[in-house]
>>> print(open('start.txt').read())   # compact mmCIF, C-alpha atoms and all ligand atoms
# COMPACT_ATOMS: atom_id res chain seq x y z
CA MET A 1 37.70 51.06 -23.98
CA THR A 2 40.94 51.81 -22.16
CA ALA A 3 39.48 52.68 -18.75
CA GLN A 4 38.82 50.10 -16.09
CA LEU A 5 35.37 50.18 -14.57
CA ILE A 6 34.87 50.81 -10.84
CA ASP A 7 31.80 48.69 -10.18
CA GLY A 8 29.68 50.40 -7.50
CA ASN A 9 27.16 47.57 -7.35
CA ALA A 10 29.84 44.97 -6.63
CA LEU A 11 31.67 47.12 -4.07
CA ALA A 12 28.40 48.05 -2.34
CA LYS A 13 27.57 44.35 -2.09
CA THR A 14 30.88 43.66 -0.34
CA ILE A 15 30.28 46.54 2.06
CA ARG A 16 26.73 45.34 2.81
CA ALA A 17 28.13 41.90 3.66
CA GLU A 18 30.60 43.49 6.11
CA VAL A 19 27.79 45.53 7.65
CA ALA A 20 25.65 42.38 7.98
CA GLY A 21 28.45 40.64 9.90
CA ARG A 22 29.03 43.56 12.26
CA THR A 23 25.27 43.97 12.74
CA ALA A 24 24.91 40.34 13.76
CA ALA A 25 27.77 40.76 16.27
CA LEU A 26 26.14 43.85 17.76
CA LYS A 27 22.77 42.12 18.00
CA ALA A 28 24.43 39.25 19.86
CA ARG A 29 25.46 41.85 22.45
CA GLY A 30 21.83 42.92 22.82
CA VAL A 31 21.88 46.06 20.64
CA ASP A 32 19.55 46.18 17.62
CA PRO A 33 20.83 48.86 15.21
CA ALA A 34 17.88 50.92 14.01
CA LEU A 35 17.39 53.62 11.38
CA SER A 36 14.37 55.93 11.18
CA ILE A 37 13.64 57.41 7.76
CA ILE A 38 11.23 60.31 7.47
CA LEU A 39 9.53 61.13 4.18
CA VAL A 40 7.33 64.21 3.94
CA GLY A 41 5.08 64.40 0.89
CA SER A 42 4.59 61.99 -1.98
CA ASP A 43 7.32 62.80 -4.52
CA PRO A 44 7.57 59.57 -6.58
CA ALA A 45 11.38 59.61 -6.80
CA SER A 46 11.70 60.09 -3.03
CA GLN A 47 9.25 57.25 -2.46
CA VAL A 48 11.39 54.93 -4.58
CA TYR A 49 14.66 56.04 -2.92
CA THR A 50 13.34 55.64 0.63
CA LYS A 51 11.92 52.21 -0.19
CA HIS A 52 15.37 51.20 -1.54
CA LYS A 53 16.97 52.39 1.72
CA VAL A 54 14.54 50.36 3.83
CA ASN A 55 15.13 47.23 1.72
CA ASP A 56 18.94 47.63 1.90
CA SER A 57 18.72 47.94 5.68
CA THR A 58 16.47 44.95 6.24
CA GLU A 59 18.68 42.86 3.95
CA THR A 60 21.68 43.54 6.21
CA GLY A 61 19.77 42.96 9.45
CA LEU A 62 19.41 46.63 10.37
CA ALA A 63 15.93 47.62 11.48
CA ALA A 64 14.66 50.46 9.31
CA THR A 65 11.37 52.26 9.81
CA LEU A 66 9.87 54.52 7.17
CA GLU A 67 7.54 57.22 8.47
CA THR A 68 5.58 59.10 5.83
CA TYR A 69 3.77 62.36 6.43
CA PRO A 70 1.53 64.50 4.23
CA ALA A 71 3.12 67.36 2.27
CA ASP A 72 1.19 69.90 4.33
CA MET A 73 2.66 68.69 7.64
CA SER A 74 3.78 71.72 9.66
CA GLU A 75 7.48 72.32 10.23
CA ALA A 76 6.82 72.44 13.99
CA ALA A 77 5.28 68.96 13.90
CA LEU A 78 8.27 67.61 11.98
CA LEU A 79 10.72 69.16 14.46
CA ASP A 80 8.73 67.63 17.35
CA ARG A 81 8.89 64.21 15.71
CA ILE A 82 12.68 64.53 15.19
CA ARG A 83 13.16 65.54 18.85
CA ALA A 84 11.19 62.47 19.95
CA LEU A 85 13.46 60.25 17.81
CA ASN A 86 16.53 62.03 19.24
CA ASP A 87 15.33 61.05 22.72
CA ASP A 88 14.50 57.44 21.79
CA PRO A 89 17.47 55.24 22.81
CA LYS A 90 16.27 52.46 20.47
CA VAL A 91 16.83 54.71 17.41
CA HIS A 92 20.47 55.09 16.28
CA GLY A 93 20.14 56.89 12.96
CA ILE A 94 17.69 59.51 11.65
CA LEU A 95 17.36 60.41 7.97
CA VAL A 96 14.99 63.06 6.66
CA GLN A 97 14.62 62.54 2.92
CA LEU A 98 15.33 65.65 0.83
CA PRO A 99 13.95 67.69 -0.79
CA LEU A 100 11.41 68.80 1.81
CA PRO A 101 8.22 70.73 0.92
CA LYS A 102 8.88 74.41 0.18
CA HIS A 103 7.30 75.73 3.38
CA MET A 104 10.01 74.02 5.43
CA ASP A 105 13.51 75.27 6.18
CA SER A 106 15.66 72.21 5.35
CA GLN A 107 18.72 73.43 7.20
CA LYS A 108 16.68 74.07 10.36
CA VAL A 109 15.19 70.57 10.09
CA ILE A 110 18.64 69.00 9.65
CA GLU A 111 20.09 70.98 12.59
CA THR A 112 17.34 69.52 14.80
CA ILE A 113 18.66 65.99 14.31
CA SER A 114 21.07 65.01 17.08
CA PRO A 115 24.63 64.94 15.61
CA ALA A 116 25.03 61.51 17.26
CA LYS A 117 22.21 60.22 15.01
CA ASP A 118 23.01 62.29 11.88
CA VAL A 119 23.79 59.33 9.60
CA ASP A 120 23.42 61.54 6.49
CA GLY A 121 26.26 63.70 7.81
CA PHE A 122 24.38 66.90 6.86
CA HIS A 123 24.37 68.56 10.31
CA VAL A 124 26.64 71.60 10.72
CA ALA A 125 28.40 69.70 13.54
CA SER A 126 29.11 66.81 11.15
CA ALA A 127 30.43 69.24 8.53
CA GLY A 128 32.65 70.86 11.16
CA ALA A 129 33.94 67.50 12.31
CA LEU A 130 34.89 66.55 8.76
CA MET A 131 36.61 69.88 8.21
CA THR A 132 38.66 69.62 11.41
CA GLY A 133 39.34 65.88 11.31
CA ALA A 134 37.26 65.17 14.43
CA PRO A 135 35.12 62.02 14.68
CA GLY A 136 31.68 62.46 13.13
CA PHE A 137 29.50 61.17 10.33
CA TRP A 138 30.64 61.75 6.77
CA PRO A 139 28.06 62.46 4.05
CA CYS A 140 27.32 59.16 2.32
CA THR A 141 27.91 60.19 -1.31
CA PRO A 142 31.48 61.56 -1.02
CA TYR A 143 32.26 58.86 1.57
CA GLY A 144 31.22 56.27 -1.04
CA CYS A 145 33.45 57.94 -3.63
CA MET A 146 36.42 57.66 -1.22
CA LYS A 147 35.67 53.95 -0.79
CA MET A 148 35.69 53.56 -4.58
CA LEU A 149 39.15 55.17 -4.77
CA GLU A 150 40.32 52.96 -1.90
CA SER A 151 39.00 49.87 -3.72
CA ILE A 152 41.42 50.41 -6.63
CA GLY A 153 44.31 51.04 -4.22
CA TYR A 154 44.66 54.63 -5.39
CA ASP A 155 47.16 56.72 -3.41
CA LEU A 156 45.90 60.31 -3.38
CA ARG A 157 49.03 61.80 -1.79
CA GLY A 158 50.28 64.72 -3.89
CA LYS A 159 47.78 64.02 -6.67
CA HIS A 160 45.69 66.80 -8.19
CA ALA A 161 41.99 66.22 -7.59
CA VAL A 162 39.43 68.42 -9.32
CA VAL A 163 35.92 68.44 -7.85
CA ILE A 164 33.20 69.93 -10.05
CA GLY A 165 30.37 71.15 -7.80
CA ARG A 166 30.42 72.73 -4.33
CA SER A 167 27.17 71.72 -2.65
CA ASN A 168 27.17 71.11 1.10
CA ILE A 169 26.18 67.48 0.61
CA VAL A 170 28.54 66.42 -2.20
CA GLY A 171 31.14 68.83 -3.60
CA LYS A 172 32.42 70.53 -0.44
CA PRO A 173 32.67 67.41 1.75
CA MET A 174 34.23 65.55 -1.20
CA ALA A 175 36.96 68.18 -1.41
CA MET A 176 37.62 67.91 2.36
CA MET A 177 37.94 64.12 2.21
CA LEU A 178 40.39 64.30 -0.71
CA LEU A 179 42.37 66.99 1.11
CA ALA A 180 42.54 64.82 4.23
CA LYS A 181 44.22 62.17 2.05
CA ASN A 182 46.83 64.75 0.99
CA ALA A 183 45.56 65.44 -2.51
CA THR A 184 45.91 68.95 -3.91
CA VAL A 185 42.30 69.94 -4.43
CA THR A 186 40.64 72.34 -6.86
CA ILE A 187 36.92 73.05 -6.40
CA CYS A 188 35.03 74.18 -9.52
CA HIS A 189 31.52 75.66 -9.76
CA SER A 190 29.26 77.63 -12.05
CA ALA A 191 31.50 80.71 -12.00
CA THR A 192 34.69 78.77 -12.80
CA GLN A 193 36.46 80.07 -15.88
CA ASP A 194 37.89 77.52 -18.32
CA LEU A 195 36.83 74.34 -16.53
CA ALA A 196 38.54 72.22 -19.20
CA ALA A 197 41.95 73.78 -18.50
CA LEU A 198 41.61 72.71 -14.86
CA THR A 199 40.23 69.21 -15.46
CA ARG A 200 42.98 68.50 -18.02
CA GLN A 201 45.54 68.86 -15.20
CA ALA A 202 43.66 66.49 -12.90
CA ASP A 203 44.73 63.03 -11.79
CA VAL A 204 41.28 62.55 -10.23
CA ILE A 205 38.05 64.21 -11.36
CA VAL A 206 34.79 64.07 -9.40
CA ALA A 207 31.79 65.41 -11.33
CA ALA A 208 28.88 66.43 -9.08
CA VAL A 209 26.86 68.99 -10.99
CA GLY A 210 23.62 67.51 -12.29
CA LYS A 211 24.17 68.34 -15.96
CA ARG A 212 24.80 65.80 -18.69
CA ASN A 213 28.14 65.82 -20.51
CA ILE A 214 29.72 68.42 -18.22
CA LEU A 215 32.89 66.31 -18.66
CA THR A 216 33.89 65.16 -22.15
CA ALA A 217 36.89 63.23 -23.48
CA GLY A 218 38.89 66.33 -24.46
CA MET A 219 38.77 67.55 -20.85
CA VAL A 220 40.46 64.47 -19.38
CA LYS A 221 44.16 63.67 -19.01
CA PRO A 222 44.95 60.14 -20.25
CA GLY A 223 44.86 57.69 -17.33
CA ALA A 224 42.92 59.93 -14.93
CA VAL A 225 40.38 58.52 -12.48
CA VAL A 226 36.88 59.79 -13.23
CA ILE A 227 34.10 59.56 -10.63
CA ASP A 228 30.61 60.44 -11.82
CA VAL A 229 28.21 61.52 -9.07
CA GLY A 230 25.62 63.11 -11.37
CA MET A 231 22.15 61.66 -11.79
CA ASN A 232 20.20 62.90 -14.75
CA ARG A 233 17.15 61.52 -16.56
CA LYS A 234 17.58 61.15 -20.30
CA GLU A 235 14.76 61.78 -22.79
CA ASP A 236 14.14 58.01 -22.86
CA GLY A 237 13.71 57.97 -19.07
CA LYS A 238 17.01 56.20 -18.43
CA LEU A 239 19.58 57.46 -15.93
CA ALA A 240 22.77 59.19 -17.04
CA GLY A 241 25.60 60.83 -15.14
CA ASP A 242 27.43 64.11 -15.69
CA VAL A 243 30.20 62.42 -17.68
CA ASP A 244 30.12 61.58 -21.38
CA PHE A 245 30.85 57.97 -20.47
CA ASP A 246 31.34 56.60 -24.00
CA GLY A 247 33.90 59.27 -24.88
CA VAL A 248 35.69 59.55 -21.54
CA LYS A 249 36.14 55.80 -21.11
CA GLU A 250 38.53 55.86 -24.09
CA VAL A 251 40.85 58.32 -22.29
CA ALA A 252 40.50 57.74 -18.55
CA GLY A 253 42.35 55.09 -16.55
CA TRP A 254 39.38 54.37 -14.30
CA ILE A 255 35.73 55.37 -14.55
CA THR A 256 32.51 54.86 -12.57
CA PRO A 257 29.26 54.10 -14.46
CA VAL A 258 25.78 55.57 -13.94
CA PRO A 259 23.72 53.68 -12.91
CA GLY A 260 25.69 51.16 -10.87
CA GLY A 261 28.39 53.53 -9.63
CA VAL A 262 28.20 56.12 -6.89
CA GLY A 263 24.42 55.62 -6.29
CA PRO A 264 24.65 52.13 -4.76
CA MET A 265 27.72 53.24 -2.79
CA THR A 266 25.77 56.15 -1.27
CA ARG A 267 23.19 53.68 -0.01
CA ALA A 268 25.86 51.31 1.33
CA MET A 269 27.57 54.10 3.28
CA LEU A 270 24.26 55.00 4.91
CA LEU A 271 24.23 51.48 6.36
CA VAL A 272 27.85 51.87 7.51
CA ASN A 273 27.04 55.16 9.26
CA THR A 274 23.94 53.70 10.92
CA LEU A 275 25.87 50.70 12.19
CA GLU A 276 28.63 53.02 13.41
CA ALA A 277 26.03 55.12 15.27
CA ALA A 278 24.70 51.99 16.97
CA GLU A 279 28.22 50.78 17.85
CA ARG A 280 29.06 54.17 19.39
CA ALA A 281 25.79 54.18 21.35
CA ALA A 282 26.58 50.67 22.63
CA LYS A 283 29.96 51.77 24.05
N1 LIG B 301 24.78 59.30 -6.69
C1 LIG B 301 24.25 59.77 -5.58
O1 LIG B 301 24.11 59.07 -4.63
C2 LIG B 301 23.86 61.19 -5.51
C3 LIG B 301 23.81 61.92 -6.66
N2 LIG B 301 23.51 63.23 -6.64
C4 LIG B 301 23.54 63.94 -7.92
O2 LIG B 301 24.74 64.69 -8.02
C5 LIG B 301 24.52 65.89 -8.71
C6 LIG B 301 24.93 67.06 -7.83
O3 LIG B 301 24.13 67.06 -6.67
P1 LIG B 301 24.16 68.28 -5.63
O4 LIG B 301 25.55 68.54 -5.21
O5 LIG B 301 23.13 68.00 -4.62
O6 LIG B 301 23.65 69.46 -6.61
P2 LIG B 301 23.57 71.04 -6.44
O7 LIG B 301 22.63 71.50 -7.49
O8 LIG B 301 23.35 71.40 -5.03
O9 LIG B 301 25.05 71.53 -6.83
C7 LIG B 301 25.51 71.53 -8.15
C8 LIG B 301 26.85 72.20 -8.22
O10 LIG B 301 27.27 72.22 -9.59
C9 LIG B 301 27.76 73.50 -9.90
N3 LIG B 301 27.58 73.80 -11.32
C10 LIG B 301 26.44 74.07 -11.98
N4 LIG B 301 26.68 74.28 -13.28
C11 LIG B 301 28.00 74.16 -13.45
C12 LIG B 301 28.87 74.29 -14.56
N5 LIG B 301 28.40 74.56 -15.78
N6 LIG B 301 30.18 74.11 -14.38
C13 LIG B 301 30.67 73.82 -13.16
N7 LIG B 301 29.91 73.67 -12.06
C14 LIG B 301 28.58 73.85 -12.21
C15 LIG B 301 26.98 74.46 -9.03
O11 LIG B 301 27.70 75.65 -8.89
P3 LIG B 301 27.19 76.89 -7.97
O12 LIG B 301 27.49 76.49 -6.57
O13 LIG B 301 28.01 78.02 -8.44
O14 LIG B 301 25.72 77.03 -8.24
C16 LIG B 301 26.85 73.65 -7.75
O15 LIG B 301 27.94 73.86 -6.90
C17 LIG B 301 23.05 65.85 -9.12
O16 LIG B 301 22.94 65.29 -10.40
C18 LIG B 301 22.42 64.93 -8.10
O17 LIG B 301 21.26 64.31 -8.58
C19 LIG B 301 23.32 63.89 -5.45
C20 LIG B 301 23.34 63.21 -4.26
C21 LIG B 301 23.54 61.79 -4.21
N1 LIG B 302 18.39 62.90 3.28
C1 LIG B 302 18.77 62.50 2.07
N2 LIG B 302 19.87 61.73 1.93
C2 LIG B 302 20.28 61.31 0.70
O1 LIG B 302 21.31 60.61 0.58
C3 LIG B 302 19.50 61.68 -0.44
C4 LIG B 302 18.36 62.46 -0.25
N3 LIG B 302 18.02 62.87 1.01
N4 LIG B 302 17.62 62.84 -1.30
C5 LIG B 302 17.90 62.38 -2.65
C6 LIG B 302 19.36 62.08 -2.87
C7 LIG B 302 19.63 61.16 -4.04
N5 LIG B 302 20.21 59.96 -3.48
C8 LIG B 302 20.44 58.78 -4.18
C9 LIG B 302 21.12 57.73 -3.64
C10 LIG B 302 21.29 56.55 -4.34
C11 LIG B 302 20.79 56.40 -5.62
C12 LIG B 302 20.96 55.12 -6.35
O2 LIG B 302 21.10 54.08 -5.74
N6 LIG B 302 20.93 55.11 -7.70
C13 LIG B 302 21.01 53.91 -8.51
C14 LIG B 302 19.87 53.82 -9.49
C15 LIG B 302 18.51 53.98 -8.90
C16 LIG B 302 17.45 54.13 -9.99
O3 LIG B 302 17.36 53.26 -10.88
O4 LIG B 302 16.70 55.13 -9.94
C17 LIG B 302 22.30 53.90 -9.32
O5 LIG B 302 22.87 54.98 -9.54
O6 LIG B 302 22.69 52.83 -9.78
C18 LIG B 302 20.11 57.46 -6.17
C19 LIG B 302 19.96 58.64 -5.47
C20 LIG B 302 20.30 60.09 -2.13
N7 LIG B 302 19.85 61.28 -1.73
>>> encode(input="start.txt", output="structure tokens", more="lines below")
Ligand SMILES: NC(=O)C1=CN([C@@H]2O[C@H](COP(=O)(O)OP(=O)(O)OC[C@H]3O[C@@H](n4cnc5c(N)ncnc54)[C@H](OP(=O)(O)O)[C@@H]3O)[C@@H](O)[C@H]2O)C=CC1
Ligand SMILES: Nc1nc(=O)c2c([nH]1)NC[C@@H]1CN(c3ccc(C(=O)N[C@@H](CCC(=O)O)C(=O)O)cc3)C=[N+]21
Amino acid sequence: MTAQLIDGNALAKTIRAEVAGRTAALKARGVDPALSIILVGSDPASQVYTKHKVNDSTETGLAATLETYPADMSEAALLDRIRALNDDPKVHGILVQLPLPKHMDSQKVIETISPAKDVDGFHVASAGALMTGAPGFWPCTPYGCMKMLESIGYDLRGKHAVVIGRSNIVGKPMAMMLLAKNATVTICHSATQDLAALTRQADVIVAAVGKRNILTAGMVKPGAVVIDVGMNRKEDGKLAGDVDFDGVKEVAGWITPVPGGVGPMTRAMLLVNTLEAAERAAK
């Protein structure tokens, strides 16, 4: 193996410790940072993820409440519940776990969350703030990827970053964050022609597609930094990313594993955003 590993578990642990310290300081000033998580339906994966988020929060001293509702809850009832949380000064962050049941309009639900409490960073106002460089919450997954690059002291200025995937929650905000650090950014998607020709020119590659082995060794320039956002279930039930880890690690300079890479960082950045929301509310 030539690549050095960027350990998401270890970095997330450091970040959680920082959050715990800042949370204690805020509590000493009489503000109890609080996150409300809403889960609609009983998707097993979502149940596991939301439980993880509650445990992470409690561990760092943040108060997290998980509200679960039946899959047939009406959209109107969910919007009413979000508005009540918007108006509750004791609640600093609101997260509605995705995906929502099919009869709901996810974007409408997200736009109902107050931007001041949008700790997922999915609101159109949060997206606009990121695009224009205004203060606002950054989506946790790309934010975590930026922290991983920062942790290795990587200077993005003038570097070519290739992002594979253009979703509103990962690919697009990732590209904006890299651009803000003065990288030259290429965004690839399902209609991209000759993906390999583009990735071979990249100093940094972020894979956020949701397909195994979308990035293989022959597509990577020696020494490049490879960040794997993908989460796929293998036939044996184990998690795998979008990157052919065993092949790419022989070529890349740095690489993130799955599991233990971007996933734990996403959860850590949710805590950072929630704490930030509480600190802003306390001002
Ligand atoms: N680690 C973490 O914390 C998180 C991980 N994830 C994981 O990251 C992955 C991406 O998530 P998300 O952005 O929500 O997914 P989406 O399905 O919303 O987006 C996938 C993107 O990949 C593009 N794409 C599909 N096929 C190809 C291809 N052959 N070549 C190039 N691009 C392609 C799509 O292009 P087009 O737009 O043209 O359709 C789309 O832009 C998933 O595996 C998800 O599970 C997501 C969130 C958090
Ligand atoms: N409103 C909302 N916000 C989200 O941020 C959100 C969401 N909905 N819906 C689902 C996706 C997915 N997501 C993950 C985050 C961390 C891990 C994670 O910690 N993964 C561990 C492994 C966990 C395991 O073993 O299953 C790892 O990669 O090491 C996984 C998935 C957040 N999402």
>>> residues_near_point(input="start.txt", point="(44.6, 63.7, 3.1)", cutoff="12 Å", atoms="only C-alpha atoms", output="VMD selection string")
chain A and resid 130 to 133 146 155 to 161 174 to 185
>>> residues_around(input="start.txt", residues="range 41-52 of chain A", least_positions_apart="4", cutoff="8 Å", atoms="all atoms listed in the file", output="list in words")
Ile37, Asp56, Leu66, Thr68, Tyr69, Pro70, Ala71, Asp72, Gln97, Leu98, Leu100 and Pro101 of chain A
>>> closest_residue(input="start.txt", among="A:Gln4, A:Thr23, A:Ser167, A:Ser36", to="His189 in chain A", atoms="only C-alpha atoms")
A:Ser167
>>> closest_residue(input="start.txt", among="A:Gly61, A:Pro135, A:Pro222, A:Gly128", to="Gly21 in chain A", atoms="all atoms listed in the file")
A:Gly61
>>> residues_around(input="start.txt", residues="Ala196 in chain A", least_positions_apart="5", cutoff="10 Å", atoms="only C-alpha atoms", output="list in words")
Gln201, Ala202, Ile214, Leu215, Thr216, Gly218, Met219 and Val220 of chain A
